[in-house]
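Q: Have a look at this one.
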Amino acid sequence: MADPILKVENLTKRFGGLAASNNLSLEVREGTTHAVIGPNGAGKSTMIAQLQGELRPDSGRILFEGRDITGLPSHARARLGIARTFQVTSVLPEFTVFTNVALAIQAGRGHSFQMFRTAHRDPSIRADAERSLAAVRLADRSASLVSELSHGERRQLELAIAIAMKSRMLLLDEPLAGMGRNDSMFMVQLLSELKQRYTILLVEHDMAAVFHLADRISVLVAGEAIATGTPEEIRGNRKVQNAYLGHS
Amino acid sequence: MSEHNPLPRNVRHKPHHAESVWPILLILALLAVVPVVATMLDDLFLLRFFTRAVIFSIAAVALNIALGYGAMVSLAHGAFMGLGGYTIGVLASADFFSEPLVSVPFAIGGTSDLLVSVPVAVAVSAGFAAIIGLICLRTTGMYFIMITLAFNQMLYFLFVAWERFGGEDGLQILSELRVSDMDPTGRIPFFYICVATLGLVLLFTNRLARSPFGLVLRGISQNETRMTAVGIPVFVYRWVAFTISGALTGLAGAYLAISQMFVSPVDLYWIRSADLVVMAVLGGISVAWGPVVGAFFFLAAELLLSSWSIYWNMLLGSFIILVAIFLPSGLALFSPLRLLRTYRRSSDG
Amino acid sequence: MSWSLILVQSLNGIQLGIMLFLIAAGLTLIFGIMDFVNLAHGTFYMLGAFVAATFFAYTGSYVVAAVFATIVVAIVGLLLEVSLLRFLYTKSHLQHVLATFGLILVINDVTRLIWGAAPKAFPVPEALSGFVEIMPGVTYPVYRLLILAVGLVVAGLLYVLVSHTRAGMWVRAGASDRDMAAALGINVKRVFSYVFALGAGLAGIAGLMTGPILAVQIGMGEQIIILALVVMVIGGIGSVRGAFLASLFIGLADTFGRVLLPTSLSSMTIFVIMALVLTLRPKGLFSLNV
C-alpha cells in the first residue's frame, strides 16, 4: 500500500489561549472512507478550515499525495483534487442546477478567460454534468433554478459538484446536517454508492451513518485525535467511550 | 451580518443562454433614426443631448461589467472616464502648443490624431484600473466602495492641482481633432461613431454574460466561497473584469472630451462616479442594455424636470426612491405584470 | 512651525475630529446594526444647522436653538426611518445607495423650499464670540472650545449609553445577531428606529455647532459625508470606538495637512491615508465583522 493520500502531521492552531487543533495527526488511505467524529468544540471545523486553506495552521503540515499543501491557497487545493461540501450548503443560487455543475467542470479544465463563446456548449461538459447529476439522482432537476430546490436537493447538488470536479478526495463537512430522516437515509445510500469510487474524508455527527459508511474512524477531542481505527476498534475503545460515546 | 451582498436579492438571472440580443438591436435601430429626426425638426440640441446620452450609456454599460456581473460597486469609474478624456485633452494640447509632454528619457509629443489618442486613452484608463484594482480588490463590500472612492478623489485633486493642464478651470481642446486626415467631429458622423461604439460594447457585454468568463464572474458575485471551492482564483477574475470595465469607461470618457472639446476635473469628481452607478442601477444591472435605459432616463429627467420646476431635484429624487423600493430590478425590466406578481407573492407571506 | 501654531492647529484638528465623530458614530452604528448604507446622513448635519439658525434668529438663545434643533432633526430621522427607510433593509446595498442618493436630492430641495437657496446666516452668539488665552500669547476662540467640550461630553455620553446601559446592550445585541435578539424579546424594529433617530440627532448636533463657523448652505451635507464615510471605514464598520479614534486621527491629519501642504494636495491627504489603511487592514482598524 502506498503512502496515504492525505497526511496531516501535528497540526496546531491556537486562538488566544485555546488550542483548537493540538498536534492533530491523521492519515487517510486512498480508496477508503475515513470519518472524523468528536464532541462539539473538539476542533472539527478548525481542522476542515485548515485542510481547506481557509485557515493557516500555526505549526504542522498537510500532505496531499505526497505534496506539502500547507501553504497553498484554497483554490489551488481544489485544482489538485480536493473537492469539498459545506456544512451550510453553499451553491450558486441564481443559476440552474446544470450550470452549477457545468461551471465546476469548466473551472477544472484550465482557465476561463474566453469571453466570446457561449459556455457549456461543449458536449463533453454536458455529458460529464449529466453523469454527475445522475450519480446523485438529481438529473431530472437539471434545468431547475437552485432557488427552487429543497434543502436536501441542494445537498445532493453539492455532492454532484464535488463529483464533477474529478477529484482525488472528497472532503464532506457534515453532509447530513439539518436533514430529516428520509433525506438522511437517502444521503447515506448515495454516499455508500460513492464510497466505492472515491476516497472520502467525512466529518459527521450522525453516529449511525458514520458506523455504516466508515472504513476507518478518527475521534477528535480537544483538537487531538485520541483514537483511530476501524469502527469496531473505536466502539470498543475505552478512551473514546469516556470522552464521547458515553455522553452522546 | 453580511458585509457583501451587492446583488439585489430578488433579481433572478435567467439561465445564461437566454439573454436576448433583440433589445440591443432595437435600441441601436431607434438611435440610428435620431439624426434624421433632429435634422427634420432642425433641432441641433436634440442631437447633442442624444450624443451625450449615448456616451454616458457606454460608460454605464462598461461600469456594469464590474457592477452587475462582478458585484463590484465601484466609485472610481468617474476617474476612469475623466482619465480617458484628459488623455485626449492633454495629447491635443501638447500637439497644439507643440510642446512635448516629457523630454526625459525620450520626447513624447502630443497628437490630435484620434486613431492614436483614443487607443492611448483606453490604455491609460485600463492601466489605472489595473493598478488600483490590485489594491482595491483586496477589500470587499463597503470598504471596496470607499477605497475606489479614495482613488477617484486622489485623481481628482491631482488634476485640480495640475496647473499645466488647466487645474480647476479645465482644459480646452483647441486643436482640430482628426482621424487620420478626416474630421470626425461633425455632429452627425460623430453621433454614429458613438452609437456604433455603444452597439459594440453592448454586444460584447451580452456575449460576455454567457461566456465562460462571464459565468465565472457572475458565479463569484453570487458565492465567492463556492467558486474558490471549485478551483477559481477569484481575485484574478475580478481584477480582469475590473480592468476591462475601466478601459471601456475610459473610451466613453475620450468620446465625451471629443464631444465637449473640453475636459475639467468635474469629469472626475466622485459625484460623476455616483451618477454612473445610479444610472446603471436605475436602468437595471442584470441585463447588458439596462444601464442604457438608466442613462437616458437620468439625463432626460435632469433636462426635462429642470425646465418644469426649479424643484426638479425633489421630483427626480422621489422617483429614484420609488424605483429603489418597488423596482429593484430596474426600469429596463419593468413590467406591470411582474410588479403585480411580486405583490401578490409578498402578501401571501 | 511654532509651538503656538501646533497647539492651535491641534485644537482645530481635535475639534474637527469630534464633529466628524458625531456624524460617523451614527453612520457606523446604522451600518453596523442595520446593515444600511445611508448616503443621506449628511442631510441631518445640514438640517441641524438650518433649524438651529432659524430658532436662534427667532429666540435669540443659542441653547434653546440647539436643543430644539437636535430634537427636530432626531424626529425627522425617526419619521424617515419609520415611513420609508425600513422598507429597504431587506434589499441590497445598491438599493440603499440608490434610495439614499434620491433622498439627498429630495431633502436638499425641501430645504431650498423652506429656507431658500441662499446660505443662512448663523452668527456666533455674542457671549461666546470672544477669545481666551490658552497659553501665554496664544488666543483661541471661545466658541471653538465650547464645541470641543460639548462634543467630548456627547461622545462620552454615547460611550456610556452603548456600553453601560440596558438600551446599549439591546443595540449591541441587535448588531451581532438580529434574529436571536428578536427571539429574546427585544423589539428589534424599535431598536432600529431609535438608533436611526439617535444617529440623526448626533449629526444634527454636529451641524448646529459647526454652523456658526462654516457656511450654512445646501450641499454642506455632501461635503461632510465623504469625510464621515472615510472615518467610518478607517475605524471599521460597526465600531464606535474605531470611529472615535479614526475621527480624531483624520481631524488632525486633515488639519495639519492643510497647514503643511499646498491646497489641492492637502485635500488628498485623508484619501491617501484611507487607501493605506485599507491596504494593510482591508476591514478597517476595529471592524466588528472580522
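By convention in this document, the chains of the C-alpha cells carry letters A, B, ... by their order, each chain's residues are numbered from 1, and ligands are numbered from 1 in the order they are shown.
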Mind running chain C against chain B at 8 Å and telling me each contacting residue's nearest atom pair with the distance in Å (one decimal), counting only C-alpha atoms, chain and number ascending, as a Markdown table?
A:
| residue | atom | partner | partner_atom | distance |
| --- | --- | --- | --- | --- |
| C:Asp35 | CA | B:Met1 | CA | 7.5 |
| C:Phe87 | CA | B:Ile325 | CA | 7.0 |
| C:Leu88 | CA | B:Ile325 | CA | 6.5 |
| C:Lys91 | CA | B:Pro8 | CA | 6.2 |
| C:Ser92 | CA | B:Pro8 | CA | 4.9 |
| C:His93 | CA | B:Pro6 | CA | 5.6 |
| C:Leu94 | CA | B:Pro6 | CA | 6.1 |
| C:Gln95 | CA | B:Ala324 | CA | 5.2 |
| C:His96 | CA | B:Ala324 | CA | 7.5 |
| C:Leu98 | CA | B:Val278 | CA | 6.0 |
| C:Ala99 | CA | B:Ile321 | CA | 4.4 |
| C:Thr100 | CA | B:Ile321 | CA | 7.4 |
| C:Phe101 | CA | B:Gly317 | CA | 7.3 |
| C:Gly102 | CA | B:Gly317 | CA | 3.8 |
| C:Leu103 | CA | B:Gly317 | CA | 5.9 |
| C:Ile104 | CA | B:Gly317 | CA | 7.3 |
| C:Leu105 | CA | B:Gly317 | CA | 5.0 |
| C:Val106 | CA | B:Met314 | CA | 4.0 |
| C:Ile107 | CA | B:Met314 | CA | 7.3 |
| C:Asn108 | CA | B:Met314 | CA | 7.8 |
| C:Asp109 | CA | B:Met314 | CA | 5.5 |
| C:Val110 | CA | B:Met314 | CA | 7.2 |
| C:Leu113 | CA | B:Tyr311 | CA | 7.9 |
| C:Ser176 | CA | B:Met1 | CA | 7.2 |
| C:Asp177 | CA | B:Met1 | CA | 7.4 |
| C:Leu229 | CA | B:Met146 | CA | 7.5 |
| C:Val230 | CA | B:Met146 | CA | 7.0 |
| C:Val233 | CA | B:Tyr143 | CA | 6.3 |
| C:Ser264 | CA | B:Ala161 | CA | 5.4 |
| C:Leu265 | CA | B:Phe157 | CA | 6.6 |
| C:Ser267 | CA | B:Phe157 | CA | 6.8 |
| C:Met268 | CA | B:Met154 | CA | 5.4 |
| C:Phe271 | CA | B:Ala150 | CA | 4.8 |
| C:Val272 | CA | B:Ala150 | CA | 7.1 |
| C:Met274 | CA | B:Ala150 | CA | 7.1 |
| C:Ala275 | CA | B:Ile147 | CA | 5.8 |
| C:Leu278 | CA | B:Ile147 | CA | 7.3 |
| C:Thr279 | CA | B:Ile135 | CA | 6.3 |
| C:Pro282 | CA | B:Thr139 | CA | 5.1 |
| C:Lys283 | CA | B:Tyr143 | CA | 6.6 |
| C:Gly284 | CA | B:Tyr143 | CA | 7.9 |
| C:Asn289 | CA | B:Met1 | CA | 7.3 |
Q: For chain A, work out the contacting residues on chain B at 8 Å, counting only C-alpha atoms, and write them as a ChimeraX atom specification.
A: /B:12-15,17,204,207-208,210-216,219,222-223,225-233
Q: Save the residues we just selected, C-alpha atoms, as a CSV table (one decimal), in the first residue's frame?
A:
chain,number,residue,atom,x,y,z
B,12,ARG,CA,-33.4,36.5,-11.0
B,13,HIS,CA,-30.8,35.9,-13.6
B,14,LYS,CA,-32.2,34.0,-16.4
B,15,PRO,CA,-30.2,30.9,-17.4
B,17,HIS,CA,-28.3,31.3,-22.7
B,204,PHE,CA,-19.6,42.4,-26.2
B,207,ARG,CA,-21.6,37.8,-25.1
B,208,LEU,CA,-19.6,38.2,-22.0
B,210,ARG,CA,-22.9,33.9,-21.2
B,211,SER,CA,-19.2,33.2,-21.9
B,212,PRO,CA,-17.1,31.0,-19.6
B,213,PHE,CA,-15.5,34.2,-18.2
B,214,GLY,CA,-18.9,35.8,-17.6
B,215,LEU,CA,-20.3,32.8,-15.9
B,216,VAL,CA,-17.3,32.6,-13.6
B,219,GLY,CA,-20.7,32.9,-10.0
B,222,GLN,CA,-23.2,35.0,-6.0
B,223,ASN,CA,-20.9,32.9,-3.9
B,225,THR,CA,-16.6,30.6,-1.4
B,226,ARG,CA,-18.2,28.2,-3.8
B,227,MET,CA,-16.2,29.4,-6.7
B,228,THR,CA,-13.0,29.1,-4.7
B,229,ALA,CA,-14.0,25.6,-3.8
B,230,VAL,CA,-14.2,24.6,-7.4
B,231,GLY,CA,-10.7,26.0,-8.1
B,232,ILE,CA,-11.3,29.5,-9.3
B,233,PRO,CA,-8.7,32.1,-8.3
Q: Find the residues near Val82 (chain C): any atom within 12 Å, counting only C-alpha atoms, skip ones fewer than 3 places away on the same chain, and give them as a PyMOL selection string.
A: chain C and resi 75-79+85-89+189-197
Q: Can you write just those residues out, C-alpha atoms, as a PDB file, in the first residue's frame?
A:
ATOM      1  CA  ILE C  75     -37.703  63.357  14.919  1.00  0.00           C
ATOM      2  CA  VAL C  76     -37.140  63.858  11.207  1.00  0.00           C
ATOM      3  CA  GLY C  77     -34.760  60.907  11.277  1.00  0.00           C
ATOM      4  CA  LEU C  78     -37.287  58.811  13.138  1.00  0.00           C
ATOM      5  CA  LEU C  79     -40.080  59.654  10.710  1.00  0.00           C
ATOM      6  CA  LEU C  85     -36.122  53.538   5.026  1.00  0.00           C
ATOM      7  CA  ARG C  86     -37.181  50.455   6.904  1.00  0.00           C
ATOM      8  CA  PHE C  87     -38.576  49.058   3.663  1.00  0.00           C
ATOM      9  CA  LEU C  88     -35.075  48.985   2.318  1.00  0.00           C
ATOM     10  CA  TYR C  89     -33.451  46.831   4.979  1.00  0.00           C
ATOM     11  CA  LYS C 189     -37.733  47.216  14.912  1.00  0.00           C
ATOM     12  CA  ARG C 190     -37.972  49.727  17.693  1.00  0.00           C
ATOM     13  CA  VAL C 191     -34.279  49.500  18.438  1.00  0.00           C
ATOM     14  CA  PHE C 192     -33.540  50.220  14.805  1.00  0.00           C
ATOM     15  CA  SER C 193     -35.810  53.253  14.805  1.00  0.00           C
ATOM     16  CA  TYR C 194     -34.198  54.662  17.911  1.00  0.00           C
ATOM     17  CA  VAL C 195     -30.694  54.024  16.645  1.00  0.00           C
ATOM     18  CA  PHE C 196     -31.558  55.839  13.472  1.00  0.00           C
ATOM     19  CA  ALA C 197     -33.046  58.759  15.360  1.00  0.00           C
TER      20      ALA C 197
END
Q: When you look at region 170-182 of chain A with a cut-off of 10 Å (counting only C-alpha atoms), what residues show up, excluding the ones that are within fewer than 2 positions of it in the same chain? I need them as JSON, numbers by chain.
A: {"A": [33, 34, 35, 36, 44, 45, 48, 51, 52, 81, 82, 83, 84, 85, 86, 87, 88, 89, 151, 152, 155, 156, 158, 159, 162, 163, 165, 166, 167, 168, 184, 185, 186, 187, 188, 191, 194, 195, 198, 199, 200, 201, 202, 203, 204, 205, 206, 209]}
Q: Can you write out the residues you just picked, keeping N, CA and C atoms, as a tab-separated table (two decimals), in the first residue's frame?
A:
chain	number	residue	atom	x	y	z
A	33	THR	N	-13.04	5.32	3.13
A	33	THR	CA	-13.86	6.38	3.69
A	33	THR	C	-13.44	6.55	5.15
A	34	HIS	N	-12.90	7.69	5.44
A	34	HIS	CA	-12.35	7.95	6.77
A	34	HIS	C	-13.22	8.99	7.46
A	35	ALA	N	-13.82	8.61	8.57
A	35	ALA	CA	-14.70	9.53	9.27
A	35	ALA	C	-13.98	10.18	10.43
A	36	VAL	N	-14.30	11.44	10.67
A	36	VAL	CA	-13.78	12.13	11.85
A	36	VAL	C	-14.96	12.52	12.72
A	44	LYS	N	-13.35	20.12	14.99
A	44	LYS	CA	-13.56	19.55	13.66
A	44	LYS	C	-13.61	20.64	12.60
A	45	SER	N	-14.34	21.72	12.92
A	45	SER	CA	-14.44	22.80	11.92
A	45	SER	C	-13.09	23.45	11.66
A	48	ILE	N	-11.15	21.21	9.37
A	48	ILE	CA	-11.61	21.33	7.98
A	48	ILE	C	-11.11	22.63	7.36
A	51	LEU	N	-7.61	22.21	6.41
A	51	LEU	CA	-7.46	21.33	5.26
A	51	LEU	C	-7.85	22.07	3.98
A	52	GLN	N	-8.88	22.91	4.11
A	52	GLN	CA	-9.39	23.68	3.00
A	52	GLN	C	-8.45	24.77	2.55
A	81	GLY	N	-7.24	18.49	-6.55
A	81	GLY	CA	-8.14	17.35	-6.47
A	81	GLY	C	-8.85	17.16	-5.16
A	82	ILE	N	-8.87	18.20	-4.32
A	82	ILE	CA	-9.65	18.09	-3.08
A	82	ILE	C	-10.98	18.80	-3.30
A	83	ALA	N	-12.05	18.06	-3.32
A	83	ALA	CA	-13.37	18.66	-3.50
A	83	ALA	C	-14.12	18.59	-2.19
A	84	ARG	N	-14.81	19.65	-1.86
A	84	ARG	CA	-15.48	19.62	-0.57
A	84	ARG	C	-16.96	19.97	-0.68
A	85	THR	N	-17.69	19.52	0.33
A	85	THR	CA	-19.04	20.04	0.51
A	85	THR	C	-19.05	20.80	1.82
A	86	PHE	N	-20.04	21.66	1.97
A	86	PHE	CA	-20.05	22.58	3.10
A	86	PHE	C	-21.08	22.18	4.14
A	87	GLN	N	-20.80	22.53	5.36
A	87	GLN	CA	-21.74	22.24	6.44
A	87	GLN	C	-23.05	23.01	6.21
A	88	VAL	N	-22.90	24.28	5.83
A	88	VAL	CA	-24.08	25.04	5.41
A	88	VAL	C	-24.02	25.13	3.89
A	89	THR	N	-24.98	24.56	3.24
A	89	THR	CA	-24.92	24.40	1.79
A	89	THR	C	-24.52	25.68	1.08
A	151	HIS	N	-33.90	21.73	0.64
A	151	HIS	CA	-32.63	21.67	1.35
A	151	HIS	C	-31.86	20.40	0.98
A	152	GLY	N	-32.57	19.29	1.00
A	152	GLY	CA	-31.92	18.01	0.69
A	152	GLY	C	-31.38	17.98	-0.73
A	155	ARG	N	-28.18	19.73	-1.04
A	155	ARG	CA	-27.08	18.89	-0.56
A	155	ARG	C	-26.63	17.95	-1.66
A	156	GLN	N	-27.64	17.38	-2.36
A	156	GLN	CA	-27.30	16.48	-3.46
A	156	GLN	C	-26.51	17.24	-4.53
A	158	GLU	N	-24.54	19.79	-4.14
A	158	GLU	CA	-23.16	19.97	-3.69
A	158	GLU	C	-22.33	18.73	-3.96
A	159	LEU	N	-22.96	17.60	-3.70
A	159	LEU	CA	-22.27	16.34	-3.92
A	159	LEU	C	-21.98	16.16	-5.41
A	162	ALA	N	-19.06	18.22	-6.35
A	162	ALA	CA	-17.81	17.62	-5.88
A	162	ALA	C	-17.37	16.47	-6.78
A	163	ILE	N	-18.34	15.65	-7.17
A	163	ILE	CA	-18.02	14.52	-8.05
A	163	ILE	C	-17.56	15.02	-9.41
A	165	MET	N	-15.97	17.45	-10.22
A	165	MET	CA	-14.64	18.03	-10.25
A	165	MET	C	-13.54	17.01	-10.50
A	166	LYS	N	-13.92	15.78	-10.73
A	166	LYS	CA	-12.93	14.73	-10.99
A	166	LYS	C	-11.88	14.76	-9.90
A	167	SER	N	-12.38	14.79	-8.67
A	167	SER	CA	-11.48	15.00	-7.56
A	167	SER	C	-10.79	13.71	-7.15
A	168	ARG	N	-9.70	13.88	-6.42
A	168	ARG	CA	-8.96	12.74	-5.91
A	168	ARG	C	-9.45	12.39	-4.50
A	184	SER	N	-31.93	11.89	5.14
A	184	SER	CA	-30.69	11.32	5.67
A	184	SER	C	-30.45	9.93	5.11
A	185	MET	N	-31.49	9.11	5.14
A	185	MET	CA	-31.32	7.74	4.65
A	185	MET	C	-30.92	7.74	3.20
A	186	PHE	N	-31.53	8.66	2.46
A	186	PHE	CA	-31.21	8.75	1.04
A	186	PHE	C	-29.77	9.17	0.85
A	187	MET	N	-29.33	10.13	1.61
A	187	MET	CA	-27.96	10.62	1.51
A	187	MET	C	-26.98	9.51	1.87
A	188	VAL	N	-27.27	8.77	2.92
A	188	VAL	CA	-26.39	7.68	3.31
A	188	VAL	C	-26.30	6.65	2.18
A	191	LEU	N	-24.07	8.07	-0.44
A	191	LEU	CA	-22.67	8.04	-0.03
A	191	LEU	C	-22.10	6.63	-0.08
A	194	LEU	N	-21.15	6.10	-3.52
A	194	LEU	CA	-19.99	6.89	-3.90
A	194	LEU	C	-18.70	6.32	-3.32
A	195	LYS	N	-18.78	5.74	-2.13
A	195	LYS	CA	-17.55	5.34	-1.48
A	195	LYS	C	-16.83	4.23	-2.23
A	198	TYR	N	-14.63	6.65	-4.58
A	198	TYR	CA	-13.90	7.84	-4.14
A	198	TYR	C	-13.23	7.62	-2.79
A	199	THR	N	-12.16	8.37	-2.57
A	199	THR	CA	-11.60	8.50	-1.23
A	199	THR	C	-12.38	9.60	-0.54
A	200	ILE	N	-12.86	9.31	0.67
A	200	ILE	CA	-13.70	10.29	1.35
A	200	ILE	C	-13.20	10.56	2.75
A	201	LEU	N	-13.08	11.85	3.08
A	201	LEU	CA	-12.86	12.25	4.47
A	201	LEU	C	-14.16	12.88	4.94
A	202	LEU	N	-14.76	12.24	5.92
A	202	LEU	CA	-16.12	12.58	6.30
A	202	LEU	C	-16.16	13.07	7.74
A	203	VAL	N	-16.68	14.27	7.92
A	203	VAL	CA	-16.91	14.77	9.27
A	203	VAL	C	-18.40	14.69	9.53
A	204	GLU	N	-18.79	13.98	10.57
A	204	GLU	CA	-20.23	13.81	10.80
A	204	GLU	C	-20.55	13.63	12.27
A	205	HIS	N	-21.78	13.99	12.60
A	205	HIS	CA	-22.28	13.79	13.95
A	205	HIS	C	-23.16	12.55	14.03
A	206	ASP	N	-23.75	12.21	12.88
A	206	ASP	CA	-24.73	11.12	12.86
A	206	ASP	C	-24.01	9.78	13.01
A	209	ALA	N	-24.84	6.74	10.69
A	209	ALA	CA	-24.28	6.90	9.34
A	209	ALA	C	-22.78	6.64	9.34
Q: According to DSSP computed on the backbone, where in region 114-205 of chain B is there alpha helix (DSSP H)? Give the residues as a ChimeraX atom specification.
A: /B:114-136,141-161,187-205
Q: Excluding region 236-241 of chain A and residues on its chain fewer than 6 positions from it, collect all residues at most 10 Å away from it, counting only C-alpha atoms, and give them as a VMD selection string.
A: chain A and resid 38 218 to 221 226 to 229 247 to 248
Q: Generate a file of the selected residues that holds C-alpha atoms, formatted as a PDB file, in the first residue's frame.
A:
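File produced: again_27.pdb:
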ATOM      1  CA  GLY A  38     -15.911  14.166  18.112  1.00  0.00           C
ATOM      2  CA  SER A 218     -10.656   9.097  13.975  1.00  0.00           C
ATOM      3  CA  VAL A 219     -12.013  10.551  17.187  1.00  0.00           C
ATOM      4  CA  LEU A 220     -11.212  14.186  17.832  1.00  0.00           C
ATOM      5  CA  VAL A 221     -11.243  15.559  21.347  1.00  0.00           C
ATOM      6  CA  ILE A 226      -7.296  10.423  20.632  1.00  0.00           C
ATOM      7  CA  ALA A 227      -8.023   7.248  18.750  1.00  0.00           C
ATOM      8  CA  THR A 228      -8.010   5.995  15.187  1.00  0.00           C
ATOM      9  CA  GLY A 229      -9.145   2.632  13.977  1.00  0.00           C
ATOM     10  CA  HIS A 247     -22.046  11.144  26.774  1.00  0.00           C
ATOM     11  CA  SER A 248     -23.886  11.239  23.450  1.00  0.00           C
TER      12      SER A 248
END
Q: Would you mind reading off the distance between CA of Ile225 (chain C) and CA of Ile23 (chain C), one decimal, in Å?
A: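 Going from CA of Ile225 (chain C) over to CA of Ile23 (chain C), I get 8.1 Å.
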Q: Could you tell me how far CA of Val72 (chain C) lies from CA of Ala167 (chain C), in Å and to one decimal?
A: 21.7 Å
Q: Hey, what does DSSP flag as strand (DSSP E or B) within region 117-171 of chain A? Can you give it to me as a list of chain:residue names?
A: A:Leu145, A:Met169, A:Leu170, A:Leu171
Q: Determine the nearest neighbour of Met207 (chain A) from the options A:Ile37, A:Ile69, A:Met47, A:Arg137, counting only C-alpha atoms.
A: A:Ile37
